[in-house]
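Coordinates as given in my_file.cif (mmCIF, C-alpha atoms):
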data_target
loop_
_atom_site.label_atom_id
_atom_site.label_comp_id
_atom_site.auth_asym_id
_atom_site.auth_seq_id
_atom_site.Cartn_x
_atom_site.Cartn_y
_atom_site.Cartn_z
CA MET A 14 86.64 123.36 83.21
CA THR A 15 88.30 123.42 86.62
CA GLU A 16 91.80 121.97 86.48
CA ILE A 17 93.29 119.82 89.24
CA THR A 18 96.98 119.03 89.22
CA ALA A 19 97.99 115.49 90.10
CA ARG A 20 100.69 115.47 92.78
CA PRO A 21 103.07 112.69 93.81
CA LEU A 22 101.38 110.46 96.36
CA THR A 23 102.56 110.86 99.95
CA ALA A 24 101.33 109.09 103.05
CA GLY A 25 100.66 112.36 104.83
CA ALA A 26 98.60 113.99 102.11
CA PHE A 27 96.66 110.77 101.56
CA ALA A 28 96.02 110.03 105.25
CA PRO A 29 92.52 111.59 105.40
CA PHE A 30 91.44 109.26 102.61
CA GLY A 31 93.26 106.01 103.22
CA THR A 32 96.65 104.35 103.37
CA VAL A 33 99.61 104.22 101.05
CA ILE A 34 100.84 100.62 100.79
CA ALA A 35 104.55 101.03 100.17
CA ARG A 36 107.83 99.76 101.50
CA ARG A 37 109.10 101.53 104.60
CA PRO A 38 112.69 102.84 104.51
CA GLU A 39 113.72 99.60 106.23
CA PRO A 40 111.72 96.38 106.49
CA ASP A 41 110.12 95.59 109.85
CA MET A 42 111.75 92.18 109.86
CA LEU A 43 114.00 90.02 107.75
CA ILE A 44 112.57 86.56 107.12
CA ASN A 45 113.52 83.49 105.10
CA GLN A 46 117.13 83.36 106.27
CA GLY A 47 117.58 87.04 105.62
CA LEU A 48 116.54 86.87 101.97
CA CYS A 49 113.21 88.65 102.32
CA GLY A 50 112.24 91.92 103.95
CA ARG A 51 108.76 92.00 105.45
CA HIS A 52 107.10 95.41 105.51
CA HIS A 53 104.50 94.37 108.01
CA ASP A 54 100.83 95.19 108.44
CA LEU A 55 100.72 98.23 106.17
CA ALA A 56 96.93 98.25 105.87
CA ARG A 57 93.98 96.37 107.27
CA PRO A 58 90.72 95.85 105.43
CA ASP A 59 87.75 97.53 107.12
CA ILE A 60 84.73 95.45 106.18
CA VAL A 61 81.18 95.73 107.51
CA ASN A 62 78.61 92.94 107.15
CA GLY A 63 80.70 90.88 104.82
CA THR A 64 83.94 89.05 104.19
CA THR A 65 87.33 90.17 102.91
CA GLY A 66 88.10 88.77 99.48
CA ILE A 67 90.81 88.98 96.85
CA SER A 68 89.75 89.91 93.31
CA LEU A 69 91.56 91.09 90.19
CA PHE A 70 90.61 94.25 88.30
CA ASP A 71 91.66 94.50 84.66
CA ALA A 72 91.24 98.15 83.72
CA GLN A 73 91.83 100.08 80.53
CA PRO A 74 94.70 102.55 80.81
CA ARG A 75 93.83 106.23 80.71
CA SER A 76 96.00 109.25 80.04
CA LEU A 77 96.46 112.76 81.36
CA PRO A 78 94.78 115.17 81.08
CA TYR A 79 91.88 113.08 82.40
CA ARG A 80 88.30 114.25 82.53
CA LEU A 81 86.69 113.44 85.88
CA ASP A 82 82.92 113.13 85.64
CA MET A 83 82.12 111.14 88.76
CA VAL A 84 83.34 109.72 92.02
CA GLU A 85 81.97 106.87 94.08
CA ARG A 86 82.18 105.49 97.59
CA HIS A 87 81.57 102.20 99.36
CA PRO A 88 79.85 102.61 102.73
CA LEU A 89 80.47 99.00 103.76
CA GLY A 90 84.14 98.50 103.04
CA SER A 91 87.63 99.70 102.32
CA GLN A 92 89.20 98.86 98.98
CA ALA A 93 92.91 98.19 98.44
CA PHE A 94 94.46 98.43 94.97
CA LEU A 95 97.80 96.72 94.40
CA PRO A 96 99.29 97.10 90.91
CA MET A 97 100.59 93.86 89.37
CA SER A 98 103.01 95.77 87.15
CA GLU A 99 105.74 98.33 87.83
CA THR A 100 103.66 101.29 86.79
CA SER A 101 102.29 104.50 88.20
CA PHE A 102 98.56 105.05 88.45
CA LEU A 103 96.26 107.97 89.09
CA VAL A 104 94.43 108.17 92.42
CA ILE A 105 91.54 110.60 92.84
CA VAL A 106 89.80 111.20 96.16
CA ALA A 107 87.49 113.85 97.56
CA PRO A 108 86.46 115.00 101.02
CA ASP A 109 82.83 114.64 101.99
CA GLU A 110 80.87 117.85 102.36
CA GLY A 111 77.46 117.13 103.79
CA GLY A 112 76.95 113.92 101.88
CA ARG A 113 78.39 115.16 98.61
CA PRO A 114 81.99 115.23 97.41
CA GLY A 115 83.97 118.44 97.78
CA THR A 116 86.76 119.45 95.43
CA PRO A 117 88.76 116.36 94.42
CA LEU A 118 92.47 115.80 94.94
CA ALA A 119 94.62 113.81 92.52
CA PHE A 120 97.78 111.84 93.22
CA LEU A 121 100.26 109.86 91.14
CA THR A 122 101.69 106.70 92.70
CA ALA A 123 105.26 105.59 92.25
CA PRO A 124 105.90 102.12 90.80
CA GLY A 125 105.77 99.53 93.57
CA GLU A 126 103.11 101.39 95.54
CA GLY A 127 99.52 100.46 96.22
CA ILE A 128 96.78 102.20 98.15
CA GLN A 129 93.88 101.36 100.38
CA ILE A 130 90.94 103.73 100.09
CA ALA A 131 89.18 103.90 103.42
CA ARG A 132 85.55 102.89 103.82
CA ASN A 133 83.03 105.49 102.63
CA ILE A 134 85.64 107.81 101.11
CA TRP A 135 84.76 109.41 97.78
CA HIS A 136 87.16 108.27 95.05
CA GLY A 137 87.54 108.04 91.32
CA VAL A 138 87.40 104.73 89.51
CA LEU A 139 90.59 102.74 88.96
CA THR A 140 92.72 104.71 86.50
CA PRO A 141 95.96 103.04 85.42
CA LEU A 142 98.14 105.21 83.19
CA ALA A 143 99.97 102.43 81.37
CA PRO A 144 99.24 98.86 80.33
CA PRO A 145 98.60 96.35 81.75
CA GLY A 146 95.95 97.79 84.03
CA LEU A 147 95.94 94.69 86.21
CA PHE A 148 95.44 95.14 89.96
CA ALA A 149 94.84 92.89 92.92
CA VAL A 150 91.92 94.30 94.88
CA ILE A 151 91.20 93.52 98.51
CA ASP A 152 87.65 94.49 99.33
CA ARG A 153 84.30 93.46 100.67
CA ILE A 154 82.51 90.34 99.47
CA GLY A 155 78.90 90.48 100.57
CA GLU A 156 75.31 91.24 99.76
CA GLY A 157 73.52 94.57 99.95
CA PRO A 158 74.10 97.98 98.42
CA ASN A 159 77.72 99.11 98.79
CA LEU A 160 78.08 101.66 96.01
CA GLU A 161 77.13 105.33 95.95
CA GLU A 162 77.96 107.35 92.85
CA HIS A 163 78.11 111.10 92.44
CA TRP A 164 78.16 112.67 88.99
CA PHE A 165 79.49 116.20 88.91
CA ASP A 166 77.41 118.94 87.32
CA ALA A 167 80.67 120.39 86.02
CA PRO A 168 83.45 117.88 85.35
CA TYR A 169 87.04 118.46 86.42
CA MET A 170 90.17 118.09 84.32
CA ILE A 171 93.06 116.30 86.02
CA THR A 172 96.41 117.40 84.64
CA ALA A 173 100.00 116.30 85.06
CA GLY A 174 100.95 119.76 86.29
CA MET B 11 120.02 64.83 95.12
CA THR B 12 116.41 64.16 94.16
CA GLU B 13 115.30 66.37 91.30
CA ILE B 14 111.85 67.89 91.06
CA THR B 15 110.74 69.49 87.81
CA ALA B 16 108.82 72.77 88.09
CA ARG B 17 105.61 72.61 86.06
CA PRO B 18 103.39 75.44 84.84
CA LEU B 19 100.92 76.37 87.55
CA THR B 20 97.35 75.21 86.98
CA ALA B 21 94.34 75.66 89.25
CA GLY B 22 93.61 71.95 89.22
CA ALA B 23 97.07 70.77 90.18
CA PHE B 24 97.33 73.47 92.85
CA ALA B 25 93.87 72.90 94.34
CA PRO B 26 94.99 70.60 97.19
CA PHE B 27 97.35 73.34 98.37
CA GLY B 28 95.53 76.58 97.73
CA THR B 29 94.14 78.87 95.08
CA VAL B 30 95.52 80.37 91.90
CA ILE B 31 94.62 84.07 91.77
CA ALA B 32 94.34 84.72 88.05
CA ARG B 33 91.95 86.27 85.60
CA ARG B 34 89.12 84.02 84.46
CA PRO B 35 88.59 83.63 80.70
CA GLU B 36 85.96 86.38 81.01
CA PRO B 37 85.48 88.83 83.88
CA ASP B 38 82.56 88.20 86.22
CA MET B 39 81.34 91.74 85.70
CA LEU B 40 82.22 94.90 83.81
CA ILE B 41 82.37 97.95 86.08
CA ASN B 42 83.32 101.60 85.72
CA GLN B 43 81.26 102.25 82.59
CA GLY B 44 82.61 99.11 80.95
CA LEU B 45 86.26 100.11 81.30
CA CYS B 46 87.21 97.57 83.97
CA GLY B 47 86.70 93.83 84.23
CA ARG B 48 86.19 92.52 87.74
CA HIS B 49 87.38 88.96 88.31
CA HIS B 50 85.45 88.57 91.50
CA ASP B 51 86.18 86.84 94.78
CA LEU B 52 89.05 84.67 93.59
CA ALA B 53 90.33 83.85 97.07
CA ARG B 54 89.33 84.51 100.65
CA PRO B 55 91.78 84.79 103.50
CA ASP B 56 91.35 82.02 106.11
CA ILE B 57 92.52 83.54 109.37
CA VAL B 58 92.25 82.06 112.87
CA ASN B 59 92.61 84.16 116.03
CA GLY B 60 93.78 87.26 114.25
CA THR B 61 93.10 89.87 111.62
CA THR B 62 93.68 90.00 107.90
CA GLY B 63 96.40 92.47 106.95
CA ILE B 64 98.20 93.68 103.85
CA SER B 65 102.01 93.61 103.92
CA LEU B 66 104.74 93.85 101.30
CA PHE B 67 107.50 91.26 100.90
CA ASP B 68 110.70 92.35 99.18
CA ALA B 69 112.53 89.13 98.32
CA GLN B 70 115.83 88.43 96.62
CA PRO B 71 115.39 86.72 93.24
CA ARG B 72 116.57 83.13 92.96
CA SER B 73 117.35 81.03 89.90
CA LEU B 74 116.80 77.50 88.70
CA PRO B 75 118.06 74.94 89.50
CA TYR B 76 117.07 75.83 93.07
CA ARG B 77 118.14 73.86 96.12
CA LEU B 78 115.23 73.25 98.49
CA ASP B 79 116.36 72.75 102.08
CA MET B 80 113.19 73.49 103.98
CA VAL B 81 109.48 74.13 103.88
CA GLU B 82 107.24 75.85 106.38
CA ARG B 83 103.57 76.14 107.24
CA HIS B 84 101.31 78.54 109.09
CA PRO B 85 98.68 76.79 111.22
CA LEU B 86 96.71 79.97 111.88
CA GLY B 87 96.34 81.49 108.47
CA SER B 88 96.39 81.40 104.70
CA GLN B 89 98.91 83.52 102.86
CA ALA B 90 98.31 85.15 99.49
CA PHE B 91 101.22 86.33 97.32
CA LEU B 92 100.50 88.85 94.58
CA PRO B 93 103.46 89.87 92.42
CA MET B 94 103.82 93.62 91.86
CA SER B 95 105.72 93.08 88.63
CA GLU B 96 104.97 91.14 85.45
CA THR B 97 107.20 88.21 86.32
CA SER B 98 106.96 84.49 86.92
CA PHE B 99 107.81 83.05 90.31
CA LEU B 100 108.48 79.62 91.73
CA VAL B 101 105.88 78.02 94.00
CA ILE B 102 106.80 74.99 96.08
CA VAL B 103 104.27 73.06 98.15
CA ALA B 104 104.18 69.65 99.79
CA PRO B 105 101.46 67.32 101.06
CA ASP B 106 101.41 66.53 104.74
CA GLU B 107 102.29 62.98 105.71
CA GLY B 108 101.66 62.44 109.38
CA GLY B 109 102.82 65.85 110.46
CA ARG B 110 105.82 66.02 108.13
CA PRO B 111 106.03 67.15 104.51
CA GLY B 112 105.93 64.51 101.79
CA THR B 113 107.64 64.91 98.42
CA PRO B 114 107.35 68.52 97.28
CA LEU B 115 105.79 69.75 94.06
CA ALA B 116 107.05 72.81 92.19
CA PHE B 117 105.12 75.18 89.94
CA LEU B 118 105.96 78.21 87.82
CA THR B 119 103.40 81.00 87.68
CA ALA B 120 102.63 83.00 84.57
CA PRO B 121 103.03 86.78 84.72
CA GLY B 122 99.88 88.34 86.13
CA GLU B 123 99.14 85.42 88.43
CA GLY B 124 99.21 85.24 92.20
CA ILE B 125 98.50 82.43 94.61
CA GLN B 126 96.97 81.89 97.99
CA ILE B 127 98.56 79.09 99.99
CA ALA B 128 95.93 77.54 102.22
CA ARG B 129 96.24 77.53 105.99
CA ASN B 130 98.63 74.89 107.37
CA ILE B 131 99.92 73.78 103.96
CA TRP B 132 103.65 73.07 103.70
CA HIS B 133 105.31 75.48 101.27
CA GLY B 134 108.66 76.88 100.29
CA VAL B 135 109.63 80.45 101.05
CA LEU B 136 108.84 83.19 98.55
CA THR B 137 111.07 82.60 95.51
CA PRO B 138 110.87 85.20 92.77
CA LEU B 139 112.90 84.36 89.68
CA ALA B 140 113.49 87.90 88.44
CA PRO B 141 113.80 91.34 89.98
CA PRO B 142 112.05 93.10 91.58
CA GLY B 143 110.95 90.47 94.09
CA LEU B 144 108.19 92.71 95.41
CA PHE B 145 104.90 91.07 96.43
CA ALA B 146 101.75 92.14 98.21
CA VAL B 147 101.01 89.58 100.89
CA ILE B 148 97.59 89.07 102.47
CA ASP B 149 97.97 87.10 105.64
CA ARG B 150 97.34 86.90 109.36
CA ILE B 151 98.21 89.72 111.72
CA GLY B 152 98.14 88.44 115.27
CA GLU B 153 100.00 87.14 118.25
CA GLY B 154 101.04 83.58 118.98
CA PRO B 155 103.13 80.99 117.16
CA ASN B 156 102.11 80.68 113.53
CA LEU B 157 105.22 79.21 111.93
CA GLU B 158 106.37 75.62 111.72
CA GLU B 159 109.54 74.84 109.77
CA HIS B 160 110.75 71.52 108.44
CA TRP B 161 114.34 71.09 107.30
CA PHE B 162 114.87 68.15 104.98
CA ASP B 163 117.54 65.58 105.83
CA ALA B 164 118.26 65.39 102.11
CA PRO B 165 117.58 68.55 100.13
CA TYR B 166 115.79 68.53 96.78
CA MET B 167 116.88 70.21 93.56
CA ILE B 168 114.12 72.06 91.69
CA THR B 169 114.79 72.21 87.97
CA ALA B 170 113.22 73.96 85.02
CA GLY B 171 112.63 70.58 83.33
#
Rewrite the structure of this file - the entire thing - as structure tokens.
Amino acid sequence: MTEITARPLTAGAFAPFGTVIARRPEPDMLINQGLCGRHHDLARPDIVNGTTGISLFDAQPRSLPYRLDMVERHPLGSQAFLPMSETSFLVIVAPDEGGRPGTPLAFLTAPGEGIQIARNIWHGVLTPLAPPGLFAVIDRIGEGPNLEEHWFDAPYMITAG
Amino acid sequence: MTEITARPLTAGAFAPFGTVIARRPEPDMLINQGLCGRHHDLARPDIVNGTTGISLFDAQPRSLPYRLDMVERHPLGSQAFLPMSETSFLVIVAPDEGGRPGTPLAFLTAPGEGIQIARNIWHGVLTPLAPPGLFAVIDRIGEGPNLEEHWFDAPYMITAG
């Protein structure tokens, strides 16, 4: 089985697939009488034919090595995942190659980081690596088909490296 | 100084001021081959003359009793606060009475809960009660004045009860 090593998430490596939602080295502004740093406008939802909504995802933790059988994408909207615990999670994305996913890439977030997966980008399902697997999700609320799945003929194995 | 006792946050008591973003007793749907519960569409941003954006707030923890000197409101947008740690935080809101805030109410969230403060509702600044005070914030990105502050002539003291 082809192995893929999960790498620490960086904004640059993730840029073709979405946005890392993390504190900047310094906040953009200090608010609330200096007691709160605002890291401003880190990501914007990209929603077609629908509304932006806030949901919670409660996912079962996985572990590495992780067997990757499928990826999915949402043609009508971006999807932001914000962990509600100080834990790292696994992020899997893949480039599109003629309507099918190419070889996936795997990243490990640092605690205190979220991501937004851009609209129509192939990605793995939500894979926390520790309990609780509770995430705030900012994505599209609307009717119509917004999910495309691709099951790999040969699964990949994601390893910690 | 007038004392106000912080009460556990409930959806019903908070309804005049906004929305509690918390898991329902059962998820609305199971996704990802049954490994993830989706608690769907718990809150929708209400944004006027602007765009919905995702920011991070990094706030200094406070403690109870807490002296409340001011509240603020945002006429052009709701503001959702989603804690990125498993901690409780203090939520202060106040009814409007002829353009000024009436007597405030104080609530304590449970870990794993967020809130959305509705547009133009008087509220206290973000007040985590334990480190890290890191929150994802879903609010309005746009130009123009969107902040009204009210400083109380006589501050309130928020207590744990």
Distance-based interface of chain A with chain B, 7 Å, counting all atoms listed in the file, as a PDB file with C-alpha atoms, in the frame of the given file:
ATOM      1  CA  ARG A  36     107.830  99.760 101.500  1.00  0.00           C
ATOM      2  CA  ASN A  45     113.520  83.490 105.100  1.00  0.00           C
ATOM      3  CA  LEU A  48     116.540  86.870 101.970  1.00  0.00           C
ATOM      4  CA  CYS A  49     113.210  88.650 102.320  1.00  0.00           C
ATOM      5  CA  GLY A  50     112.240  91.920 103.950  1.00  0.00           C
ATOM      6  CA  ARG A  51     108.760  92.000 105.450  1.00  0.00           C
ATOM      7  CA  HIS A  52     107.100  95.410 105.510  1.00  0.00           C
ATOM      8  CA  HIS A  53     104.500  94.370 108.010  1.00  0.00           C
ATOM      9  CA  ASP A  54     100.830  95.190 108.440  1.00  0.00           C
ATOM     10  CA  LEU A  55     100.720  98.230 106.170  1.00  0.00           C
ATOM     11  CA  ALA A  56      96.930  98.250 105.870  1.00  0.00           C
ATOM     12  CA  ARG A  57      93.980  96.370 107.270  1.00  0.00           C
ATOM     13  CA  PRO A  58      90.720  95.850 105.430  1.00  0.00           C
ATOM     14  CA  THR A  65      87.330  90.170 102.910  1.00  0.00           C
ATOM     15  CA  GLY A  66      88.100  88.770  99.480  1.00  0.00           C
ATOM     16  CA  ILE A  67      90.810  88.980  96.850  1.00  0.00           C
ATOM     17  CA  SER A  68      89.750  89.910  93.310  1.00  0.00           C
ATOM     18  CA  LEU A  69      91.560  91.090  90.190  1.00  0.00           C
ATOM     19  CA  PHE A  70      90.610  94.250  88.300  1.00  0.00           C
ATOM     20  CA  ASP A  71      91.660  94.500  84.660  1.00  0.00           C
ATOM     21  CA  ALA A  72      91.240  98.150  83.720  1.00  0.00           C
ATOM     22  CA  GLN A  73      91.830 100.080  80.530  1.00  0.00           C
ATOM     23  CA  PRO A  96      99.290  97.100  90.910  1.00  0.00           C
ATOM     24  CA  MET A  97     100.590  93.860  89.370  1.00  0.00           C
ATOM     25  CA  SER A  98     103.010  95.770  87.150  1.00  0.00           C
ATOM     26  CA  GLU A  99     105.740  98.330  87.830  1.00  0.00           C
ATOM     27  CA  GLY A 125     105.770  99.530  93.570  1.00  0.00           C
ATOM     28  CA  VAL A 138      87.400 104.730  89.510  1.00  0.00           C
ATOM     29  CA  ILE A 154      82.510  90.340  99.470  1.00  0.00           C
TER      30      ILE A 154
END
Padding 8 Å on every side, please: axis-aligned box over the listed atoms of segment 77-94 of chain B, centre and edge lengths to one decimal in Å, as JSON.
{"center_x": 107.2, "center_y": 83.2, "center_z": 101.9, "size_x": 37.8, "size_y": 36.9, "size_z": 36.0}
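Run against this file, the PyMOL selection byres ((chain A and resi 118) around 10) gives back Ile17, Thr18, Ala19, Arg20, Ala26, Phe27, Val104, Ile105, Val106, Ala107, Pro108, Gly115, Thr116, Pro117, Ala119, Phe120, His136, Gly137 and Ile171 of chain A.
Taking atom CA of Gly63 of chain A and atom CA of Pro158 of chain A as endpoints, the distance between them is 11.6 Å.
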Query raised in the report: Just how far from atom CA of Ile60 of chain A is atom CA of Gly112 of chain A, in Å to one decimal?
Result: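 Between these atoms lies a distance of 20.5 Å.
Closest approach to Gly157 of chain A among A:Thr23, A:Asn62, A:Ser101, A:Thr32: A:Asn62, based on all atoms listed in the file.
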